[in-house]
Structure formats: C-alpha cells, structure tokens
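The block underneath contains the structure these notes are about, expressed in structure tokens.
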Amino acid sequence: MLNFRQLFNKIKLPFFSTFDVCFDLGTSNTRIGIGEKGIVLIEPSYLGYNTSSKEYIFFGGEAKSIVGKTPDFIKIIRPVINGVISDFDAQFAMLQYFMKKSVNIYLDRYKIVKPQLRAVAAVPNSVTEIEQKAVEEVLYKIGFSQVYLIEKPLASGIGIGLNIFYHHPHLLIDVGGGLIEMSIISGGGIVSKKTLKVAGDNMNLVLANYAYLKYGIVLGDNTCEHLKIYLLNFKQENKTFTVRGKSLETGLPKSVRIKTSDVKEALYGNIYQIVDNVKDLIDISPPEVLDEIYNRGIILTGGVAKAIGLDQFLASELKIDVNSVTDPDDTVIKGLLKLTQNFPDLLKLAMPKI
Ligand SMILES: Nc1ncnc2c1ncn2[C@@H]1O[C@H](COP(=O)(O)OP(=O)(O)OP(=O)(O)O)[C@@H](O)[C@H]1O
Ligand SMILES: [Mg+2]
C-alpha cells in the first residue's frame, strides 16, 4: 500500500513532491542514482582543465582516457582523493556536468513548478566534519535544498540486502579506488572500523614500480590499471598481457609480456595489508560481535572485490569465510537508492547536521 508521500510523488503534484538523487562520490568513480530509475550514471571521477581558457573541458571517461596524452595547457584533475573532496571547484564542475547528462532529463518533465531537490550522499566511515561539510556545500551549490549524508558501510549493508538495524553484526570490507574501509556494523550503526588510504589506485602505482624495476619499462597509469584488471586473479589461472611502454634504457617504445604471477607478486604487499588490518580490526572489536562474524563470514565489496578469487584468498589467510557480492562496486549506490524508498530508515541513518 502506498503511503501519502509515495502517493503524492506518484501523481507528481509538484508542490508536494520531492526528487531524490543519490551520490556515491568515489575516488575512482562517481555513481548517481534516482529513486525511481535506479543507477543513471557511472563515470570515472576525472576532469580535464584548460589552463589557458580556465575552463573544464573534459569530464568523466573522456578525461580519464586522455591521462598522459595531453598538451601542457590541459591539466587532468581528480577532485576526490581517498574518498573525500580535495578540489571543491572541480568537484562542483564535474557534478554539474554529470547532473546535466543523467538527471536533468528527468527533472525537465516537471514543466511548471520544479519539485524539491533532495540529495542523499555516501561518505567514508572515517569522514571528518570539514570533509562532511564540503560534500554538503557542493550539493547545496548544485541546487539541492536538502542534503542527507550516510556512512558508506551502512549504505552498502542496505544495498546488499542486510537488515542492518538488527543487532546481528556484519563485517564489511570495501576495497575501492582510494580507500579500504573495514567496518563492523550492527543495530543501525558502526561498532568498530578501520580505514586505509591505499586501495586500487595505489595498486596501479605499485605495478608501475614493479614493471620499472623488473622489466626496465615505464608504464602509464591507465595501462597499469588494465594490467591489474585483466591479470589479477587468485585462482590458478596464469594469463599474460603484452604492454607497451617506454624503455628505461633507450627511451624508445618497448613491449613486455606481463604475467598473472608478476601482478600477484607486485600486489602481495597490498593484499597482505588488508589481511593484517582485518586482524587488527578483529582484535579491537568487542568479543560479543566476533562469534557472530566468525559464523556469518565477511562481506567483500568495492571495485577490487571483482578480482577473481580474492574472497577465497582472504578467507584462507583469515580463517573466516569471505564472500564477495555481485556488482560489488554498486552496493553503496544501491543502498542509497533503497533508502530513498524508505524515508524513516534514511532519517535513522543520516549523519547529524554539523
Ligand atoms: N577486476 C578488477 N580487479 C581488480 N581491481 C579492479 C577490478 N575492477 C575494478 N577494479 C579497481 O577498483 C577500483 C575502483 O573501485 P570503486 O569504483 O569501488 O572505487 P571508488 O568507489 O571510486 O573509490 P573509493 O570508495 O575508495 O573512494 C579501481 O582502482 C579499479 O582499478
Ligand atoms: Mg567506493
């Protein structure tokens, strides 16, 4: 049965209706969703800035695809670093562009009176007040009249379909582009947490260093990311990928065949960092929650969770079941979308206004 608010929204009486837009402002990718439509945009969080004309001229995927190929007067900007806004103006310009591309067509349907715009955005579990304020400010500047912030692990739990309001603890690990967030959630809140500011993007750098030292080749960031996505897997599969870069010795183009075993060798340090920090989190967590977590297992999300067999590898190291979910990088935005359908729950989870 529809309640009053849902009914008003359904018949689109502009004076009463609200229009909810959800944001997962990730270090690598920005995801936007609209209540009724679901996910409407997934784009890399990149811009290209023309320093001569002082304009942002490339956005999202287009900006990411030209990294390392631009003339001096075009600067590539990543407005989100380690999950928080590091360049406010660039983040505003990028979100404004993404809104035009994906949301405004739905808003244009309200011909005469526009509905009230409400933003629901996810923030890292380690967010500071200043960082929180930056997210709110950028969304107000875009034109939202209300902004609700939800901590990412809580949104993710909802997105996976957990009833996070029960006092049944769950341990979630989100390995994204800029952050590894480990959180134990229970009773609608975070019981304990640990955050590392090295995740998928750092893995690209580590791979670049490895290729430089082992094969004497200089590789670009996008090439290293392709290598990681194509080759990293923890099953026995041994694939190879031929990459082109610049020879360290001659400065000329050079090709090298990189193997899965190379990528694993390069990234073991990063992976063991996850193992060690989950152990630390377990160590600092109340004993009451641990028994249930051992029984229920750990949930792995974030883009890096797509690496084949990473869940089993972590499970064998931690001696606890680890399960990655389908579309592990979309759990946060899906959770925010679900919350827009249940406003009382959204209010329960929203961070207090500063
Ligand atoms: N198959 C894969 N194997 C390994 N890594 C992958 C794979 N697919 C994507 N990634 C990595 O996942 C990361 C992006 O994940 P995600 O979209 O969850 O990050 P984000 O939400 O933007 O970042 P954060 O939450 O840390 O701010 C990138 O570093 C990307 O290279
Ligand atoms: Mg993320």
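Identifiers in the structure tokens: chain A, B, ... in order shown; residue index from 1 per chain; ligand index from 1 in order shown.
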
Using only C-alpha atoms, find each residue of stretch 261-315 of chain A with at least one atom at most 12 Å away from an atom of stretch 26-36 of chain A; report its shortest atom-to-atom pair and that distance in Å (one decimal), sort the rows by chain and rising residue number, and return the result as CSV.
```
residue,atom,partner,partner_atom,distance
A:Gly302,CA,A:Gly26,CA,10.1
A:Gly303,CA,A:Ser28,CA,9.2
A:Val304,CA,A:Ser28,CA,11.3
```

Export of prior selection with N, CA and C atoms as a CSV table (one decimal), in the first residue's frame:
```
chain,number,residue,atom,x,y,z
A,302,GLY,N,33.3,-3.3,-3.2
A,302,GLY,CA,34.2,-2.3,-3.8
A,302,GLY,C,34.8,-2.9,-5.1
A,303,GLY,N,35.3,-2.0,-6.0
A,303,GLY,CA,35.8,-2.5,-7.3
A,303,GLY,C,36.8,-3.6,-7.3
A,304,VAL,N,37.7,-3.5,-6.3
A,304,VAL,CA,38.8,-4.5,-6.3
A,304,VAL,C,38.3,-5.9,-5.9
```

(message) Can you work out which residues are within 12 Å of ligand 2, considering only C-alpha atoms and all ligand atoms, and then hand them over as a PyMOL selection string?
(response) chain A and resi 23-31+42+44-45+80-84+121-125+151-153+155-156+173-181+199-201+301-305+328-334

(request) Identify which of the residues A:Cys22, A:Ala119, A:Ala134, A:Ile217 lies closest to A:Gln146, counting only C-alpha atoms when measuring atom-to-atom distances. (result) A:Ala119

Set the distance at 6 Å and use only C-alpha atoms: which residues neighbour stretch 244-249 of chain A once local chain neighbours fewer than 4 positions away are removed? I'd like the list as a short mmCIF file (atom, residue, chain, number, x, y, z; two decimals) with C-alpha atoms, in the first residue's frame.
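File written: around.cif
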```cif
data_model
loop_
_atom_site.label_atom_id
_atom_site.label_comp_id
_atom_site.auth_asym_id
_atom_site.auth_seq_id
_atom_site.Cartn_x
_atom_site.Cartn_y
_atom_site.Cartn_z
CA GLY A 216 63.01 -1.67 -17.20
CA ILE A 217 59.82 -0.29 -18.71
CA VAL A 218 57.91 2.90 -17.88
CA LEU A 219 54.14 2.32 -17.97
CA PRO A 253 58.99 2.24 -27.18
CA LYS A 254 59.27 -1.24 -25.72
CA SER A 255 56.84 -4.19 -25.33
#
```

(message) Residues near stretch 69-73 of chain A, anyone? I mean within 7 Å using only C-alpha atoms, not counting same-chain ones fewer than 5 positions away, as a PyMOL selection string.
(response) chain A and resi 50-52

Surrounding residues of A:Ser192 excluding itself and chain neighbours under 5 positions, 10 Å, only C-alpha atoms, as a PDB file with N, CA and C atoms, in the first residue's frame:
```pdb
ATOM      1  N   ASN A 125      33.573   6.048   6.181  1.00  0.00           N
ATOM      2  CA  ASN A 125      33.340   5.855   7.624  1.00  0.00           C
ATOM      3  C   ASN A 125      34.289   6.698   8.475  1.00  0.00           C
ATOM      4  N   LEU A 171      30.675  -7.915   9.228  1.00  0.00           N
ATOM      5  CA  LEU A 171      31.947  -7.250   8.903  1.00  0.00           C
ATOM      6  C   LEU A 171      32.013  -7.037   7.393  1.00  0.00           C
ATOM      7  N   MET A 182      37.091  -0.956   6.428  1.00  0.00           N
ATOM      8  CA  MET A 182      36.676  -2.180   7.105  1.00  0.00           C
ATOM      9  C   MET A 182      35.765  -1.770   8.244  1.00  0.00           C
ATOM     10  N   SER A 183      34.564  -2.293   8.278  1.00  0.00           N
ATOM     11  CA  SER A 183      33.597  -1.829   9.283  1.00  0.00           C
ATOM     12  C   SER A 183      32.787  -2.993   9.821  1.00  0.00           C
ATOM     13  N   ILE A 184      32.591  -2.967  11.127  1.00  0.00           N
ATOM     14  CA  ILE A 184      31.637  -3.911  11.723  1.00  0.00           C
ATOM     15  C   ILE A 184      30.372  -3.116  12.001  1.00  0.00           C
ATOM     16  N   ILE A 185      29.271  -3.517  11.370  1.00  0.00           N
ATOM     17  CA  ILE A 185      28.019  -2.774  11.550  1.00  0.00           C
ATOM     18  C   ILE A 185      27.012  -3.643  12.286  1.00  0.00           C
ATOM     19  N   SER A 186      26.199  -2.985  13.104  1.00  0.00           N
ATOM     20  CA  SER A 186      25.182  -3.696  13.873  1.00  0.00           C
ATOM     21  C   SER A 186      24.225  -2.670  14.460  1.00  0.00           C
ATOM     22  N   LEU A 281      41.417  -5.148  13.204  1.00  0.00           N
ATOM     23  CA  LEU A 281      40.036  -4.733  13.497  1.00  0.00           C
ATOM     24  C   LEU A 281      39.360  -5.764  14.395  1.00  0.00           C
ATOM     25  N   ILE A 282      39.598  -7.027  14.080  1.00  0.00           N
ATOM     26  CA  ILE A 282      39.019  -8.090  14.910  1.00  0.00           C
ATOM     27  C   ILE A 282      39.555  -7.972  16.332  1.00  0.00           C
ATOM     28  N   ILE A 284      40.481  -5.279  17.936  1.00  0.00           N
ATOM     29  CA  ILE A 284      39.955  -4.158  18.735  1.00  0.00           C
ATOM     30  C   ILE A 284      38.435  -4.213  18.909  1.00  0.00           C
ATOM     31  N   SER A 285      37.792  -5.234  18.318  1.00  0.00           N
ATOM     32  CA  SER A 285      36.325  -5.282  18.369  1.00  0.00           C
ATOM     33  C   SER A 285      35.842  -6.005  19.614  1.00  0.00           C
ATOM     34  N   PRO A 286      34.646  -5.640  20.099  1.00  0.00           N
ATOM     35  CA  PRO A 286      34.123  -6.302  21.302  1.00  0.00           C
ATOM     36  C   PRO A 286      33.939  -7.803  21.065  1.00  0.00           C
TER      37      PRO A 286
END
```

(message) Env of A:Phe343: 12 Å cut, atoms = only C-alpha atoms, seq-sep filter 5 positions within chain, self excluded. Answer as a ChimeraX atom specification.
(response) /A:3,5-6,18,20,35,118,120,148,336-338,348-350

(request) Find the residues around stretch 261-267 of chain A up to 9 Å (only C-alpha atoms counted), leave out those fewer than 4 positions away in its own chain, and share them as a VMD selection string. (result) chain A and resid 203 206 to 207 209 to 211 227 to 228 231 to 234 238 to 239 271 to 272

Writing out the chosen residues with N, CA and C atoms as a short mmCIF file (atom, residue, chain, number, x, y, z; two decimals), in the first residue's frame:
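What landed in result15.cif:
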```cif
data_model
loop_
_atom_site.label_atom_id
_atom_site.label_comp_id
_atom_site.auth_asym_id
_atom_site.auth_seq_id
_atom_site.Cartn_x
_atom_site.Cartn_y
_atom_site.Cartn_z
N MET A 203 47.45 0.37 -6.11
CA MET A 203 47.92 -0.88 -6.74
C MET A 203 48.48 -0.58 -8.14
N VAL A 206 51.94 0.73 -7.66
CA VAL A 206 52.85 -0.35 -7.24
C VAL A 206 53.23 -1.20 -8.46
N LEU A 207 52.24 -1.45 -9.33
CA LEU A 207 52.52 -2.22 -10.55
C LEU A 207 53.48 -1.47 -11.47
N ASN A 209 55.80 0.62 -10.56
CA ASN A 209 57.14 0.50 -9.97
C ASN A 209 57.74 -0.88 -10.23
N TYR A 210 56.91 -1.90 -10.11
CA TYR A 210 57.35 -3.28 -10.31
C TYR A 210 57.86 -3.46 -11.75
N ALA A 211 57.06 -2.98 -12.72
CA ALA A 211 57.44 -3.13 -14.13
C ALA A 211 58.73 -2.36 -14.42
N LEU A 227 46.26 -3.78 -16.75
CA LEU A 227 47.03 -4.96 -16.35
C LEU A 227 46.42 -5.61 -15.11
N LYS A 228 46.15 -4.76 -14.12
CA LYS A 228 45.61 -5.26 -12.84
C LYS A 228 44.26 -5.92 -13.07
N LEU A 231 44.77 -9.17 -15.32
CA LEU A 231 45.61 -10.28 -14.87
C LEU A 231 45.42 -10.71 -13.41
N LEU A 232 44.98 -9.79 -12.56
CA LEU A 232 44.95 -10.16 -11.13
C LEU A 232 43.85 -11.19 -10.87
N ASN A 233 44.24 -12.37 -10.52
CA ASN A 233 43.26 -13.35 -10.06
C ASN A 233 43.96 -14.35 -9.16
N PHE A 234 43.23 -14.86 -8.19
CA PHE A 234 43.83 -15.71 -7.17
C PHE A 234 43.48 -17.17 -7.38
N ASN A 238 46.90 -18.67 -15.18
CA ASN A 238 48.06 -17.82 -15.44
C ASN A 238 47.90 -17.19 -16.82
N LYS A 239 47.49 -15.95 -16.84
CA LYS A 239 47.29 -15.27 -18.11
C LYS A 239 48.50 -14.36 -18.39
N ILE A 271 47.76 -6.71 -0.69
CA ILE A 271 46.74 -7.67 -0.26
C ILE A 271 46.97 -8.05 1.22
N TYR A 272 48.25 -8.24 1.58
CA TYR A 272 48.52 -8.61 2.98
C TYR A 272 48.24 -7.46 3.94
#
```

(message) Please determine, counting only C-alpha atoms and all ligand atoms, which residue among A:Tyr230, A:Phe241, A:Tyr140, A:Tyr49 has the shortest atom-to-atom distance to ligand 1.
(response)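 Result for the nearest residue to ligand 1: A:Tyr230.
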
(request) Using only C-alpha atoms, find the one residue out of A:Gly220, A:Gly335, A:Gly48, A:Pro352 that sits nearest to A:Ile77. (result)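 Residue with the minimum atom-to-atom distance to A:Ile77: A:Gly48.
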
(request) Identify which of the residues A:Ile299, A:Ile320, A:Leu346, A:Leu205 lies closest to ligand 1, counting only C-alpha atoms and all ligand atoms when measuring atom-to-atom distances. (result) A:Leu205

(request) One decimal, Å: what's the distance from atom 9 (C, counted along the ligand's line) of ligand 1 over to atom CA of A:Ile229, could you say? (result)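 A separation of 6.0 Å between them.
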
For the helix (DSSP H, G or I) assignment from backbone DSSP, which residues of stretch 178-324 of chain A qualify? Please present them as a compact mmCIF listing (two decimals) with N, CA and C atoms, in the first residue's frame.
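Dumped everything to result_9.txt:
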```txt
# COMPACT_ATOMS: atom_id res chain seq x y z
N GLY A 200 42.79 0.44 -4.66
CA GLY A 200 43.00 0.07 -6.06
C GLY A 200 43.93 1.01 -6.83
N ASP A 201 43.84 2.31 -6.59
CA ASP A 201 44.68 3.25 -7.35
C ASP A 201 46.14 3.08 -6.98
N ASN A 202 46.39 2.84 -5.70
CA ASN A 202 47.77 2.63 -5.25
C ASN A 202 48.33 1.35 -5.89
N MET A 203 47.45 0.37 -6.11
CA MET A 203 47.92 -0.88 -6.74
C MET A 203 48.48 -0.58 -8.14
N ASN A 204 47.86 0.37 -8.85
CA ASN A 204 48.36 0.73 -10.19
C ASN A 204 49.78 1.29 -10.09
N LEU A 205 50.00 2.11 -9.08
CA LEU A 205 51.33 2.70 -8.88
C LEU A 205 52.37 1.64 -8.54
N VAL A 206 51.94 0.73 -7.66
CA VAL A 206 52.85 -0.35 -7.24
C VAL A 206 53.23 -1.20 -8.46
N LEU A 207 52.24 -1.45 -9.33
CA LEU A 207 52.52 -2.22 -10.55
C LEU A 207 53.48 -1.47 -11.47
N ALA A 208 53.30 -0.15 -11.56
CA ALA A 208 54.20 0.66 -12.41
C ALA A 208 55.63 0.54 -11.89
N ASN A 209 55.80 0.62 -10.56
CA ASN A 209 57.14 0.50 -9.97
C ASN A 209 57.74 -0.88 -10.23
N TYR A 210 56.91 -1.90 -10.11
CA TYR A 210 57.35 -3.28 -10.31
C TYR A 210 57.86 -3.46 -11.75
N ALA A 211 57.06 -2.98 -12.72
CA ALA A 211 57.44 -3.13 -14.13
C ALA A 211 58.73 -2.36 -14.42
N TYR A 212 58.88 -1.24 -13.78
CA TYR A 212 60.07 -0.39 -13.96
C TYR A 212 61.31 -1.14 -13.46
N LEU A 213 61.17 -1.71 -12.26
CA LEU A 213 62.33 -2.38 -11.66
C LEU A 213 62.64 -3.73 -12.30
N LYS A 214 61.58 -4.50 -12.61
CA LYS A 214 61.82 -5.86 -13.12
C LYS A 214 62.08 -5.87 -14.62
N TYR A 215 61.34 -5.06 -15.37
CA TYR A 215 61.45 -5.14 -16.84
C TYR A 215 62.05 -3.89 -17.47
N ASP A 221 49.55 5.10 -16.10
CA ASP A 221 48.62 4.67 -15.06
C ASP A 221 47.48 3.82 -15.63
N ASN A 222 46.91 4.27 -16.76
CA ASN A 222 45.80 3.50 -17.34
C ASN A 222 46.24 2.11 -17.77
N THR A 223 47.47 2.01 -18.30
CA THR A 223 48.00 0.69 -18.71
C THR A 223 48.10 -0.21 -17.47
N CYS A 224 48.60 0.35 -16.38
CA CYS A 224 48.74 -0.46 -15.16
C CYS A 224 47.37 -0.89 -14.65
N GLU A 225 46.39 -0.02 -14.78
CA GLU A 225 45.05 -0.40 -14.33
C GLU A 225 44.52 -1.55 -15.19
N HIS A 226 44.72 -1.47 -16.51
CA HIS A 226 44.28 -2.58 -17.39
C HIS A 226 44.95 -3.88 -16.99
N LEU A 227 46.26 -3.78 -16.75
CA LEU A 227 47.03 -4.96 -16.35
C LEU A 227 46.42 -5.61 -15.11
N LYS A 228 46.15 -4.76 -14.12
CA LYS A 228 45.61 -5.26 -12.84
C LYS A 228 44.26 -5.92 -13.07
N ILE A 229 43.38 -5.24 -13.82
CA ILE A 229 42.02 -5.76 -14.00
C ILE A 229 42.06 -7.05 -14.82
N TYR A 230 42.93 -7.11 -15.81
CA TYR A 230 42.95 -8.28 -16.68
C TYR A 230 43.69 -9.46 -16.04
N LEU A 231 44.77 -9.17 -15.32
CA LEU A 231 45.61 -10.28 -14.87
C LEU A 231 45.42 -10.71 -13.41
N THR A 260 50.23 -13.09 -14.89
CA THR A 260 49.44 -13.01 -13.65
C THR A 260 50.36 -13.11 -12.44
N SER A 261 51.36 -14.01 -12.54
CA SER A 261 52.25 -14.20 -11.38
C SER A 261 53.02 -12.91 -11.06
N ASP A 262 53.34 -12.10 -12.11
CA ASP A 262 54.01 -10.81 -11.86
C ASP A 262 53.09 -9.90 -11.06
N VAL A 263 51.84 -9.82 -11.54
CA VAL A 263 50.90 -8.89 -10.89
C VAL A 263 50.67 -9.31 -9.44
N LYS A 264 50.55 -10.61 -9.23
CA LYS A 264 50.34 -11.09 -7.85
C LYS A 264 51.56 -10.79 -6.98
N GLU A 265 52.73 -11.04 -7.55
CA GLU A 265 53.96 -10.78 -6.78
C GLU A 265 54.04 -9.29 -6.41
N ALA A 266 53.70 -8.43 -7.40
CA ALA A 266 53.76 -6.99 -7.14
C ALA A 266 52.77 -6.57 -6.07
N LEU A 267 51.58 -7.18 -6.10
CA LEU A 267 50.50 -6.68 -5.24
C LEU A 267 50.32 -7.44 -3.92
N TYR A 268 51.18 -8.42 -3.67
CA TYR A 268 51.02 -9.17 -2.41
C TYR A 268 51.07 -8.25 -1.20
N GLY A 269 51.95 -7.25 -1.25
CA GLY A 269 52.07 -6.30 -0.13
C GLY A 269 50.73 -5.63 0.14
N ASN A 270 50.07 -5.19 -0.93
CA ASN A 270 48.76 -4.52 -0.77
C ASN A 270 47.72 -5.48 -0.19
N ILE A 271 47.76 -6.71 -0.69
CA ILE A 271 46.74 -7.67 -0.26
C ILE A 271 46.97 -8.05 1.22
N TYR A 272 48.25 -8.24 1.58
CA TYR A 272 48.52 -8.61 2.98
C TYR A 272 48.24 -7.46 3.94
N GLN A 273 48.26 -6.25 3.40
CA GLN A 273 47.86 -5.10 4.22
C GLN A 273 46.39 -5.25 4.64
N ILE A 274 45.58 -5.76 3.71
CA ILE A 274 44.15 -5.97 4.04
C ILE A 274 44.06 -7.03 5.13
N VAL A 275 44.78 -8.13 4.93
CA VAL A 275 44.74 -9.23 5.89
C VAL A 275 45.13 -8.73 7.29
N ASP A 276 46.26 -8.02 7.35
CA ASP A 276 46.76 -7.57 8.66
C ASP A 276 45.78 -6.61 9.33
N ASN A 277 45.19 -5.73 8.53
CA ASN A 277 44.29 -4.74 9.13
C ASN A 277 42.96 -5.34 9.55
N VAL A 278 42.49 -6.36 8.83
CA VAL A 278 41.26 -7.04 9.29
C VAL A 278 41.55 -7.73 10.62
N LYS A 279 42.75 -8.31 10.73
CA LYS A 279 43.13 -8.95 12.00
C LYS A 279 43.13 -7.91 13.12
N ASP A 280 43.69 -6.74 12.81
CA ASP A 280 43.71 -5.67 13.83
C ASP A 280 42.30 -5.25 14.21
N LEU A 281 41.42 -5.15 13.20
CA LEU A 281 40.04 -4.73 13.50
C LEU A 281 39.36 -5.76 14.39
N ILE A 282 39.60 -7.03 14.08
CA ILE A 282 39.02 -8.09 14.91
C ILE A 282 39.56 -7.97 16.33
N ASP A 283 40.83 -7.64 16.42
CA ASP A 283 41.48 -7.50 17.72
C ASP A 283 40.85 -6.40 18.58
N ILE A 284 40.48 -5.28 17.94
CA ILE A 284 39.95 -4.16 18.74
C ILE A 284 38.44 -4.21 18.91
N PRO A 287 34.25 -8.62 22.07
CA PRO A 287 34.19 -10.08 21.87
C PRO A 287 32.79 -10.57 21.48
N GLU A 288 31.74 -9.85 21.93
CA GLU A 288 30.37 -10.28 21.65
C GLU A 288 30.09 -10.36 20.15
N VAL A 289 30.69 -9.44 19.39
CA VAL A 289 30.35 -9.41 17.96
C VAL A 289 31.13 -10.46 17.16
N LEU A 290 32.25 -10.89 17.73
CA LEU A 290 33.16 -11.72 16.93
C LEU A 290 32.61 -13.10 16.63
N ASP A 291 31.92 -13.67 17.62
CA ASP A 291 31.38 -15.00 17.44
C ASP A 291 30.46 -15.03 16.22
N GLU A 292 29.58 -14.03 16.15
CA GLU A 292 28.63 -13.98 15.02
C GLU A 292 29.35 -13.75 13.70
N ILE A 293 30.40 -12.93 13.74
CA ILE A 293 31.12 -12.67 12.50
C ILE A 293 31.82 -13.94 12.02
N TYR A 294 32.37 -14.69 12.94
CA TYR A 294 33.01 -15.96 12.56
C TYR A 294 31.98 -16.89 11.93
N ASN A 295 30.74 -16.87 12.48
CA ASN A 295 29.71 -17.76 11.92
C ASN A 295 29.21 -17.28 10.57
N ARG A 296 29.09 -15.98 10.45
CA ARG A 296 28.43 -15.42 9.26
C ARG A 296 29.42 -15.13 8.13
N GLY A 303 35.32 -2.05 -5.98
CA GLY A 303 35.77 -2.49 -7.31
C GLY A 303 36.81 -3.59 -7.28
N VAL A 304 37.73 -3.54 -6.31
CA VAL A 304 38.82 -4.54 -6.28
C VAL A 304 38.28 -5.93 -5.92
N ALA A 305 37.08 -5.96 -5.31
CA ALA A 305 36.46 -7.26 -4.98
C ALA A 305 36.14 -8.05 -6.25
N LYS A 306 36.22 -7.39 -7.43
CA LYS A 306 35.97 -8.11 -8.69
C LYS A 306 37.15 -8.99 -9.08
N LEU A 310 39.77 -13.33 -4.99
CA LEU A 310 40.29 -12.55 -3.86
C LEU A 310 39.57 -12.94 -2.57
N ASP A 311 38.26 -13.18 -2.68
CA ASP A 311 37.50 -13.56 -1.47
C ASP A 311 38.04 -14.86 -0.86
N GLN A 312 38.27 -15.88 -1.73
CA GLN A 312 38.79 -17.14 -1.19
C GLN A 312 40.20 -16.98 -0.63
N PHE A 313 41.00 -16.14 -1.29
CA PHE A 313 42.36 -15.94 -0.80
C PHE A 313 42.33 -15.32 0.59
N LEU A 314 41.49 -14.29 0.76
CA LEU A 314 41.41 -13.64 2.08
C LEU A 314 40.86 -14.62 3.11
N ALA A 315 39.89 -15.43 2.68
CA ALA A 315 39.30 -16.41 3.60
C ALA A 315 40.37 -17.37 4.10
N SER A 316 41.25 -17.83 3.18
CA SER A 316 42.24 -18.81 3.62
C SER A 316 43.27 -18.16 4.55
N GLU A 317 43.55 -16.89 4.34
CA GLU A 317 44.51 -16.21 5.22
C GLU A 317 43.90 -15.87 6.58
N LEU A 318 42.60 -15.51 6.56
CA LEU A 318 41.97 -15.04 7.81
C LEU A 318 41.28 -16.15 8.60
```

(request) Would you mind telling me which residue in A:Val67, A:Val21, A:Ile354, A:Ile85 lies nearest to ligand 1 when using only C-alpha atoms and all ligand atoms? (result)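 Closest to ligand 1, using only C-alpha atoms and all ligand atoms: A:Ile85.
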
(request) Find the residue from A:Leu47, A:Ile308, A:Leu139, A:Leu347 that sits nearest to ligand 1; use only C-alpha atoms and all ligand atoms when measuring. (result) A:Ile308
